[in-house]
file final-v5.txt (compact mmCIF, C-alpha atoms)
# COMPACT_ATOMS: atom_id res chain seq x y z
CA MET Y 867 -21.80 -12.51 -5.66
CA THR Y 868 -18.52 -13.27 -3.87
CA HIS Y 869 -16.05 -13.41 -6.76
CA ALA Y 870 -15.76 -13.49 -10.53
CA PRO Y 871 -14.57 -16.48 -12.58
CA PHE Y 872 -10.78 -16.54 -12.72
CA ASP Y 873 -9.45 -15.27 -16.05
CA PRO Y 874 -5.67 -14.72 -16.07
CA GLY Y 875 -5.85 -12.99 -19.45
CA ARG Y 876 -8.54 -10.47 -18.50
CA TYR Y 877 -6.18 -7.47 -18.58
CA ARG Y 878 -3.77 -8.69 -21.25
CA SER Y 879 -4.64 -5.97 -23.76
CA ALA Y 880 -5.29 -3.36 -21.06
CA ALA Y 881 -1.77 -3.58 -19.67
CA ALA Y 882 -0.26 -0.99 -22.01
CA HIS Y 883 -2.94 1.56 -21.03
CA TYR Y 884 -3.17 1.01 -17.27
CA GLU Y 885 -0.34 3.15 -15.94
CA LYS Y 886 -1.19 6.06 -18.25
CA GLY Y 887 -4.91 5.98 -17.57
CA ARG Y 888 -5.57 5.02 -13.98
CA ALA Y 889 -5.48 7.49 -11.10
CA ALA Y 890 -2.22 7.16 -9.18
CA TYR Y 891 -2.28 6.43 -5.45
CA ALA Y 892 -1.16 9.49 -3.51
CA PRO Y 893 2.38 9.11 -2.08
CA ALA Y 894 1.04 10.56 1.19
CA LEU Y 895 -1.49 7.70 1.32
CA ILE Y 896 1.24 5.08 0.95
CA ARG Y 897 3.31 6.78 3.68
CA ARG Y 898 0.29 6.87 5.96
CA ALA Y 899 -0.42 3.17 5.41
CA ALA Y 900 3.20 2.37 6.26
CA GLU Y 901 3.01 4.50 9.40
CA VAL Y 902 -0.18 3.06 10.86
CA THR Y 903 0.89 -0.53 10.19
CA GLY Y 904 4.35 -0.08 11.71
CA LEU Y 905 6.07 -0.96 8.45
CA GLY Y 906 9.86 -0.78 8.61
CA SER Y 907 12.97 -1.34 6.55
CA GLN Y 908 13.30 -4.91 7.89
CA HIS Y 909 9.88 -5.97 6.57
CA ARG Y 910 8.59 -7.64 3.42
CA VAL Y 911 5.49 -6.55 1.46
CA LEU Y 912 3.37 -8.67 -0.89
CA ASP Y 913 1.64 -6.75 -3.70
CA LEU Y 914 -1.11 -9.15 -4.76
CA GLY Y 915 -2.56 -8.50 -8.20
CA CYS Y 916 0.13 -5.89 -8.74
CA GLY Y 917 -0.77 -4.85 -12.29
CA PRO Y 918 1.93 -2.47 -13.56
CA GLY Y 919 3.23 -2.18 -10.01
CA PRO Y 920 2.33 1.27 -8.63
CA LEU Y 921 2.08 -0.04 -5.07
CA ALA Y 922 5.19 -2.20 -5.41
CA ARG Y 923 7.14 0.88 -6.48
CA GLY Y 924 5.55 3.01 -3.78
CA PHE Y 925 6.52 0.66 -0.96
CA ALA Y 926 9.91 -0.49 -2.31
CA SER Y 927 11.91 2.34 -0.74
CA LEU Y 928 10.35 1.68 2.67
CA VAL Y 929 11.02 -2.04 3.11
CA HIS Y 930 13.53 -4.85 2.67
CA GLU Y 931 11.67 -6.57 -0.18
CA VAL Y 932 8.47 -6.37 -2.19
CA VAL Y 933 7.11 -9.48 -3.89
CA ALA Y 934 4.77 -8.40 -6.71
CA ILE Y 935 2.41 -11.05 -8.11
CA ASP Y 936 0.08 -10.85 -11.10
CA PRO Y 937 -1.41 -13.53 -13.39
CA SER Y 938 -0.80 -11.43 -16.52
CA PRO Y 939 2.67 -11.63 -18.11
CA GLU Y 940 1.81 -8.44 -20.00
CA MET Y 941 1.12 -6.58 -16.77
CA LEU Y 942 4.34 -7.89 -15.23
CA ALA Y 943 6.32 -6.76 -18.29
CA GLU Y 944 4.95 -3.24 -17.77
CA ALA Y 945 5.71 -3.46 -14.05
CA ARG Y 946 9.31 -4.52 -14.61
CA ALA Y 947 9.89 -1.71 -17.10
CA LEU Y 948 8.40 0.90 -14.79
CA ALA Y 949 10.35 -0.38 -11.77
CA GLY Y 950 13.62 0.44 -13.48
CA GLN Y 951 16.54 -0.09 -11.10
CA ALA Y 952 14.47 -0.99 -8.02
CA ALA Y 953 16.47 -4.08 -7.06
CA ASN Y 954 14.29 -5.11 -4.10
CA ILE Y 955 11.11 -5.82 -6.10
CA ARG Y 956 10.67 -9.46 -7.12
CA PHE Y 957 8.06 -10.12 -9.80
CA VAL Y 958 6.19 -13.42 -9.87
CA VAL Y 959 3.63 -14.72 -12.36
CA GLY Y 960 0.71 -16.00 -10.30
CA SER Y 961 -2.56 -15.18 -8.60
CA SER Y 962 -4.31 -15.47 -5.26
CA TYR Y 963 -4.81 -19.16 -6.06
CA ASP Y 964 -1.04 -19.59 -6.04
CA LEU Y 965 -0.49 -18.16 -2.56
CA ASP Y 966 1.77 -20.54 -0.69
CA PRO Y 967 3.86 -20.42 2.50
CA ALA Y 968 6.91 -20.99 0.28
CA LEU Y 969 6.69 -17.29 -0.61
CA GLY Y 970 7.67 -16.54 2.99
CA ARG Y 971 6.05 -14.30 5.56
CA PHE Y 972 5.02 -10.69 5.10
CA HIS Y 973 4.27 -7.77 7.39
CA LEU Y 974 1.92 -6.23 4.85
CA VAL Y 975 -0.14 -7.52 1.93
CA VAL Y 976 -1.39 -4.72 -0.33
CA MET Y 977 -3.92 -4.87 -3.14
CA GLY Y 978 -4.91 -2.12 -5.53
CA ARG Y 979 -8.17 -2.60 -7.46
CA SER Y 980 -7.62 -6.37 -7.48
CA PHE Y 981 -9.37 -7.93 -4.48
CA HIS Y 982 -12.77 -7.95 -6.19
CA TRP Y 983 -11.48 -10.38 -8.85
CA MET Y 984 -10.43 -12.97 -6.25
CA ASP Y 985 -12.14 -15.62 -4.19
CA ARG Y 986 -11.89 -13.25 -1.26
CA VAL Y 987 -12.72 -15.73 1.50
CA ASP Y 988 -10.13 -18.21 0.26
CA THR Y 989 -7.54 -15.46 -0.25
CA LEU Y 990 -7.87 -14.20 3.32
CA ARG Y 991 -7.69 -17.73 4.65
CA ARG Y 992 -4.42 -18.30 2.79
CA LEU Y 993 -3.02 -14.93 3.84
CA ASN Y 994 -3.75 -15.66 7.49
CA GLY Y 995 -0.93 -18.20 7.42
CA MET Y 996 1.47 -15.86 5.62
CA ILE Y 997 1.12 -12.52 7.41
CA GLU Y 998 3.12 -11.86 10.55
CA PRO Y 999 1.18 -11.54 13.84
CA ALA Y 1000 1.27 -7.72 13.86
CA GLY Y 1001 0.83 -7.42 10.11
CA ALA Y 1002 -2.14 -6.37 8.04
CA VAL Y 1003 -3.94 -6.42 4.71
CA VAL Y 1004 -4.41 -3.05 3.00
CA LEU Y 1005 -6.87 -2.53 0.14
CA PHE Y 1006 -6.19 0.56 -1.97
CA SER Y 1007 -8.82 2.19 -4.16
CA ASP Y 1008 -9.75 5.45 -5.84
CA SER Y 1009 -13.02 7.32 -6.25
CA SER Y 1010 -14.30 10.61 -7.60
CA PRO Y 1011 -16.30 12.90 -5.29
CA ALA Y 1012 -19.57 14.08 -6.83
CA ILE Y 1013 -18.54 17.71 -7.26
CA SER Y 1014 -18.56 20.10 -10.21
CA GLU Y 1015 -14.94 19.42 -11.21
CA ASN Y 1016 -15.94 15.80 -11.86
CA ALA Y 1017 -19.13 16.47 -13.85
CA TRP Y 1018 -17.41 15.15 -17.00
CA ARG Y 1019 -17.28 11.68 -15.46
CA ARG Y 1020 -20.96 11.05 -16.20
CA ILE Y 1021 -20.32 11.63 -19.90
CA TRP Y 1022 -17.23 9.42 -19.84
CA GLN Y 1023 -19.11 6.60 -18.09
CA ASP Y 1024 -22.11 6.90 -20.42
CA ILE Y 1025 -19.82 6.44 -23.43
CA ARG Y 1026 -18.22 3.35 -21.87
CA ASP Y 1027 -21.62 1.91 -20.97
CA ARG Y 1028 -22.80 2.20 -24.57
CA TYR Y 1029 -19.91 0.03 -25.69
CA ASP Y 1030 -20.16 -2.46 -22.84
CA PRO Y 1031 -23.12 -2.05 -20.47
CA ALA Y 1032 -22.38 -5.24 -18.51
CA THR Y 1033 -21.47 -4.80 -14.85
CA GLY Y 1034 -18.57 -6.53 -13.19
CA PRO Y 1035 -18.05 -7.87 -9.65
CA HIS Y 1036 -18.41 -4.61 -7.77
CA GLU Y 1037 -20.91 -2.30 -6.15
CA ARG Y 1038 -22.94 -1.88 -9.36
CA ASP Y 1039 -24.05 -5.49 -8.98
CA SER Y 1040 -26.99 -5.68 -6.54
CA ASN Y 1041 -25.79 -9.08 -5.32
CA TRP Y 1042 -22.27 -7.90 -4.61
CA ILE Y 1043 -20.96 -8.42 -1.06
CA ARG Y 1044 -18.80 -5.48 -0.05
CA HIS Y 1045 -15.18 -5.94 0.98
CA GLU Y 1046 -15.94 -4.69 4.48
CA ALA Y 1047 -18.44 -7.48 5.09
CA VAL Y 1048 -16.00 -10.11 3.83
CA LEU Y 1049 -13.22 -8.75 6.04
CA LEU Y 1050 -15.43 -8.57 9.13
CA ASP Y 1051 -16.11 -12.30 8.76
CA SER Y 1052 -12.40 -13.07 8.31
CA PRO Y 1053 -9.44 -13.21 10.70
CA PHE Y 1054 -8.66 -9.62 9.59
CA ALA Y 1055 -11.70 -8.00 11.17
CA ARG Y 1056 -10.26 -4.84 12.77
CA LEU Y 1057 -10.73 -2.18 10.12
CA GLU Y 1058 -9.65 1.40 9.58
CA ARG Y 1059 -10.05 3.57 6.48
CA PHE Y 1060 -8.36 6.82 5.50
CA GLY Y 1061 -7.85 8.76 2.30
CA VAL Y 1062 -6.22 11.67 0.48
CA ILE Y 1063 -8.30 14.04 -1.68
CA GLU Y 1064 -6.48 15.97 -4.39
CA ARG Y 1065 -7.15 18.16 -7.42
CA ARG Y 1066 -5.14 16.81 -10.35
CA ALA Y 1067 -4.45 17.88 -13.91
CA ILE Y 1068 -5.90 15.61 -16.58
CA ASP Y 1069 -6.50 15.65 -20.33
CA VAL Y 1070 -8.64 13.78 -22.80
CA GLU Y 1071 -5.86 11.39 -23.81
CA MET Y 1072 -5.62 10.18 -20.23
CA LEU Y 1073 -9.38 9.55 -20.30
CA VAL Y 1074 -9.00 7.47 -23.46
CA GLN Y 1075 -6.22 5.46 -21.82
CA ARG Y 1076 -8.36 5.02 -18.70
CA ALA Y 1077 -11.25 3.58 -20.69
CA LEU Y 1078 -8.92 1.20 -22.56
CA SER Y 1079 -7.37 0.09 -19.25
CA MET Y 1080 -10.70 -1.28 -18.01
CA GLY Y 1081 -11.28 -4.99 -18.50
CA SER Y 1082 -14.74 -4.50 -19.99
CA THR Y 1083 -13.63 -1.81 -22.48
CA SER Y 1084 -10.11 -3.04 -23.19
CA PRO Y 1085 -8.98 -3.37 -26.82
CA ALA Y 1086 -9.32 -7.17 -26.70
CA HIS Y 1087 -12.84 -6.96 -25.32
CA LEU Y 1088 -14.10 -4.31 -27.75
CA GLY Y 1089 -12.19 -5.34 -30.86
CA ASP Y 1090 -12.98 -2.99 -33.76
CA LYS Y 1091 -15.21 -0.88 -31.49
CA ALA Y 1092 -12.27 0.33 -29.38
CA ALA Y 1093 -11.31 3.01 -31.91
CA ALA Y 1094 -14.89 4.29 -32.10
CA MET Y 1095 -15.13 4.54 -28.32
CA ALA Y 1096 -11.83 6.44 -28.18
CA ALA Y 1097 -13.05 8.85 -30.86
CA GLU Y 1098 -16.26 9.54 -28.93
CA ILE Y 1099 -14.32 10.29 -25.75
CA ARG Y 1100 -11.98 12.65 -27.61
CA SER Y 1101 -14.90 14.49 -29.18
CA ALA Y 1102 -17.02 14.80 -26.05
CA LEU Y 1103 -14.33 15.55 -23.47
CA ALA Y 1104 -11.67 17.52 -25.35
CA ASP Y 1105 -11.90 20.42 -22.89
CA VAL Y 1106 -11.42 18.42 -19.66
CA ARG Y 1107 -8.45 19.77 -17.72
CA GLU Y 1108 -8.78 18.54 -14.14
CA GLU Y 1109 -10.38 16.05 -11.79
CA VAL Y 1110 -10.67 15.65 -8.04
CA VAL Y 1111 -9.60 12.21 -6.87
CA GLU Y 1112 -9.80 10.47 -3.52
CA THR Y 1113 -7.33 7.64 -3.13
CA SER Y 1114 -8.05 5.61 -0.02
CA ALA Y 1115 -6.76 2.69 2.01
CA LEU Y 1116 -8.77 0.15 3.99
CA VAL Y 1117 -6.48 -1.45 6.57
CA ALA Y 1118 -7.46 -4.78 8.08
CA TRP Y 1119 -5.64 -6.16 11.12
CA ARG Y 1120 -6.42 -9.35 12.99
CA SER Y 1121 -8.86 -8.95 15.83
CA ALA Y 1122 -7.51 -9.59 19.31
CA GLY Y 1123 -7.44 -13.28 20.13
CA ARG Y 1124 -7.60 -14.48 16.52
CA ASN Y 1125 -5.49 -17.55 15.87
CA VAL Y 1126 -2.45 -17.02 13.66
CA PRO Y 1127 -1.30 -20.39 12.23
CA GLY Y 1128 2.46 -20.82 12.30
CA ALA Y 1129 3.05 -17.37 13.78
CA THR Y 1130 6.67 -16.27 13.98
CA THR Y 1131 8.42 -13.07 14.86
CA SER Y 1132 9.19 -10.45 12.21
CA ARG Y 1133 12.27 -10.89 10.12

call {"tool": "encode", "arguments": {"input": "final-v5.txt", "output": "structure tokens"}}
result
Amino acid sequence: MTHAPFDPGRYRSAAAHYEKGRAAYAPALIRRAAEVTGLGSQHRVLDLGCGPGPLARGFASLVHEVVAIDPSPEMLAEARALAGQAANIRFVVGSSYDLDPALGRFHLVVMGRSFHWMDRVDTLRRLNGMIEPAGAVVLFSDSSPAISENAWRRIWQDIRDRYDPATGPHERDSNWIRHEAVLLDSPFARLERFGVIERRAIDVEMLVQRALSMGSTSPAHLGDKAAAMAAEIRSALADVREEVVETSALVAWRSAGRNVPGATTSR
């Protein structure tokens, strides 16, 4: 599988739960990504599939402008509210299928938990004409190391699976092609990965919000079953107090000698 069918409303009902439930990207990770890519105050960043905008907010203080794109008006409403007075973030309703040179050129294109929903080959082809010669694509993600502090995750996942056992376009699908393989066959084939591992406080209400923030167990997807799933999580995981999270970044630069259509200098 290379990509899922495009559904701009997939996260409509999950939008209100996303920021409260999902693991935040470590500020140190965002700073590290900016450092290794040579990001500066003169540059522009594109946050593609921005959701409620955690990456847009994280990069806004480091650059001239962030353009944050998402197909969900509900997600963008959350993102605007959370951005507050950040005047250099521009929010745009759209998707990877709407990428166009009219958006301008960018030093960095960042994606957090969104690349797997796109036609990845087509997206990278479009971005090749929009990213400056020394720029890069950065994919942000989070994972949970298999250690004792995270033992509760098996219970949480088992509850979710009972309500919606279907797998999405990710590693749980045996036919899924990993991001690394797609990138290695693209113009952005020079890869580097790094991460930050942290112990964080958590409670059962955050775990309920996390489940409701997932497309497959969102309120719209589950309907009347959403309340029952939330009740099960509250009953089974009431004593959870912490988790260990790794937030990571996969940076993809162009390989030496790759053609950059319409290349210009940074602005």

call {"tool": "residues_around", "arguments": {"input": "final-v5.txt", "residues": "Arg992 (chain Y)", "least_positions_apart": "5", "cutoff": "10 Å", "atoms": "all atoms listed in the file", "output": "count of residues only"}}
result
9

call {"tool": "residues_around", "arguments": {"input": "final-v5.txt", "residues": "Phe1054 (chain Y)", "least_positions_apart": "2", "cutoff": "7 Å", "atoms": "only C-alpha atoms", "output": "list in words"}}
result
Leu1049, Leu1050, Ser1052, Arg1056, Ala1118, Trp1119, Arg1120 and Ser1121 of chain Y

call {"tool": "write_last_selection", "arguments": {"input": "final-v5.txt", "atoms": "C-alpha atoms", "output": "PDB file, in the coordinates of the input"}}
result
ATOM      1  CA  LEU Y1049     -13.220  -8.750   6.040  1.00  0.00           C
ATOM      2  CA  LEU Y1050     -15.430  -8.570   9.130  1.00  0.00           C
ATOM      3  CA  SER Y1052     -12.400 -13.070   8.310  1.00  0.00           C
ATOM      4  CA  ARG Y1056     -10.260  -4.840  12.770  1.00  0.00           C
ATOM      5  CA  ALA Y1118      -7.460  -4.780   8.080  1.00  0.00           C
ATOM      6  CA  TRP Y1119      -5.640  -6.160  11.120  1.00  0.00           C
ATOM      7  CA  ARG Y1120      -6.420  -9.350  12.990  1.00  0.00           C
ATOM      8  CA  SER Y1121      -8.860  -8.950  15.830  1.00  0.00           C
TER       9      SER Y1121
END

call {"tool": "residues_around", "arguments": {"input": "final-v5.txt", "residues": "Phe1060 (chain Y)", "least_positions_apart": "4", "cutoff": "12 Å", "atoms": "all atoms listed in the file", "output": "VMD selection string"}}
result
chain Y and resid 892 894 to 899 902 1004 to 1008 1112 to 1118

call {"tool": "write_last_selection", "arguments": {"input": "final-v5.txt", "atoms": "C-alpha atoms", "output": "PDB file, in the frame of the given file"}}
result
ATOM      1  CA  ALA Y 892      -1.160   9.490  -3.510  1.00  0.00           C
ATOM      2  CA  ALA Y 894       1.040  10.560   1.190  1.00  0.00           C
ATOM      3  CA  LEU Y 895      -1.490   7.700   1.320  1.00  0.00           C
ATOM      4  CA  ILE Y 896       1.240   5.080   0.950  1.00  0.00           C
ATOM      5  CA  ARG Y 897       3.310   6.780   3.680  1.00  0.00           C
ATOM      6  CA  ARG Y 898       0.290   6.870   5.960  1.00  0.00           C
ATOM      7  CA  ALA Y 899      -0.420   3.170   5.410  1.00  0.00           C
ATOM      8  CA  VAL Y 902      -0.180   3.060  10.860  1.00  0.00           C
ATOM      9  CA  VAL Y1004      -4.410  -3.050   3.000  1.00  0.00           C
ATOM     10  CA  LEU Y1005      -6.870  -2.530   0.140  1.00  0.00           C
ATOM     11  CA  PHE Y1006      -6.190   0.560  -1.970  1.00  0.00           C
ATOM     12  CA  SER Y1007      -8.820   2.190  -4.160  1.00  0.00           C
ATOM     13  CA  ASP Y1008      -9.750   5.450  -5.840  1.00  0.00           C
ATOM     14  CA  GLU Y1112      -9.800  10.470  -3.520  1.00  0.00           C
ATOM     15  CA  THR Y1113      -7.330   7.640  -3.130  1.00  0.00           C
ATOM     16  CA  SER Y1114      -8.050   5.610  -0.020  1.00  0.00           C
ATOM     17  CA  ALA Y1115      -6.760   2.690   2.010  1.00  0.00           C
ATOM     18  CA  LEU Y1116      -8.770   0.150   3.990  1.00  0.00           C
ATOM     19  CA  VAL Y1117      -6.480  -1.450   6.570  1.00  0.00           C
ATOM     20  CA  ALA Y1118      -7.460  -4.780   8.080  1.00  0.00           C
TER      21      ALA Y1118
END

call {"tool": "closest_residue", "arguments": {"input": "final-v5.txt", "among": "Y:Gly978, Y:Gly970, Y:Gly1089, Y:Pro918", "to": "Val933 (chain Y)", "atoms": "all atoms listed in the file"}}
result
Y:Gly970

call {"tool": "closest_residue", "arguments": {"input": "final-v5.txt", "among": "Y:Ala900, Y:Ser879, Y:Met996, Y:Val975", "to": "Ser1082 (chain Y)", "atoms": "all atoms listed in the file"}}
result
Y:Ser879

call {"tool": "axis_aligned_box", "arguments": {"input": "final-v5.txt", "around": "region 1044-1050 of chain Y", "padding_each_side": "3 Å", "output": "JSON"}}
result
{"center_x": -16.0, "center_y": -7.4, "center_z": 4.5, "size_x": 11.6, "size_y": 11.4, "size_z": 15.2}

call {"tool": "residues_near_point", "arguments": {"input": "final-v5.txt", "point": "(2.1, -10.3, 5.0)", "cutoff": "10 Å", "atoms": "all atoms listed in the file", "output": "list in words"}}
result
His909, Arg910, Val911, Leu912, Asp913, Gly970, Arg971, Phe972, His973, Leu974, Val975, Val976, Leu993, Asn994, Gly995, Met996, Ile997, Glu998, Pro999, Ala1000, Gly1001, Ala1002, Val1003 and Val1004 of chain Y

call {"tool": "closest_residue", "arguments": {"input": "final-v5.txt", "among": "Y:Ser927, Y:Arg1026, Y:Ser1009, Y:Arg946", "to": "Gly1081 (chain Y)", "atoms": "all atoms listed in the file"}}
result
Y:Arg1026

call {"tool": "residues_near_point", "arguments": {"input": "final-v5.txt", "point": "(-8.3, 3.8, -25.7)", "cutoff": "12 Å", "atoms": "only C-alpha atoms", "output": "ChimeraX atom specification"}}
result
/Y:879-884,886-887,1026,1070-1100

call {"tool": "closest_residue", "arguments": {"input": "final-v5.txt", "among": "Y:Ile1068, Y:Ala1102, Y:Met984, Y:Val1048", "to": "Gln1023 (chain Y)", "atoms": "all atoms listed in the file"}}
result
Y:Ala1102

call {"tool": "closest_residue", "arguments": {"input": "final-v5.txt", "among": "Y:Thr989, Y:Ser938, Y:Ser1101, Y:Ser907", "to": "Trp1022 (chain Y)", "atoms": "all atoms listed in the file"}}
result
Y:Ser1101

call {"tool": "atom_distance", "arguments": {"input": "final-v5.txt", "atom1": "CA of Gly917 (chain Y)", "atom2": "CA of Ala952 (chain Y)"}}
result
16.3 Å

call {"tool": "closest_residue", "arguments": {"input": "final-v5.txt", "among": "Y:Val1106, Y:Ala1047, Y:Ile1063, Y:Ala1122", "to": "Ser1010 (chain Y)", "atoms": "all atoms listed in the file"}}
result
Y:Ile1063

call {"tool": "atom_distance", "arguments": {"input": "final-v5.txt", "atom1": "CA of His982 (chain Y)", "atom2": "CA of Trp1042 (chain Y)"}}
result
9.6 Å

call {"tool": "decode", "arguments": {"input": "final-v5.txt", "residues": "region 1052-1072 of chain Y", "atoms": "C-alpha atoms", "output": "PDB file, in the first residue's frame"}}
result
ATOM      1  CA  SER Y1052      12.635  10.292  -4.262  1.00  0.00           C
ATOM      2  CA  PRO Y1053      14.768  13.401  -4.837  1.00  0.00           C
ATOM      3  CA  PHE Y1054      15.044  13.640  -1.019  1.00  0.00           C
ATOM      4  CA  ALA Y1055      17.157  10.537  -0.530  1.00  0.00           C
ATOM      5  CA  ARG Y1056      19.790  11.670   2.001  1.00  0.00           C
ATOM      6  CA  LEU Y1057      18.312  10.685   5.345  1.00  0.00           C
ATOM      7  CA  GLU Y1058      19.116  11.266   8.989  1.00  0.00           C
ATOM      8  CA  ARG Y1059      17.040  10.391  12.062  1.00  0.00           C
ATOM      9  CA  PHE Y1060      17.308  11.594  15.651  1.00  0.00           C
ATOM     10  CA  GLY Y1061      15.040  11.642  18.669  1.00  0.00           C
ATOM     11  CA  VAL Y1062      14.395  12.762  22.242  1.00  0.00           C
ATOM     12  CA  ILE Y1063      13.301  10.260  24.915  1.00  0.00           C
ATOM     13  CA  GLU Y1064      11.462  11.637  27.935  1.00  0.00           C
ATOM     14  CA  ARG Y1065       9.467  10.503  30.956  1.00  0.00           C
ATOM     15  CA  ARG Y1066       6.212  12.471  31.069  1.00  0.00           C
ATOM     16  CA  ALA Y1067       3.287  12.786  33.438  1.00  0.00           C
ATOM     17  CA  ILE Y1068      -0.009  11.457  32.114  1.00  0.00           C
ATOM     18  CA  ASP Y1069      -3.470  10.612  33.428  1.00  0.00           C
ATOM     19  CA  VAL Y1070      -6.424   8.565  32.293  1.00  0.00           C
ATOM     20  CA  GLU Y1071      -8.289  11.558  30.860  1.00  0.00           C
ATOM     21  CA  MET Y1072      -5.410  12.179  28.483  1.00  0.00           C
TER      22      MET Y1072
END
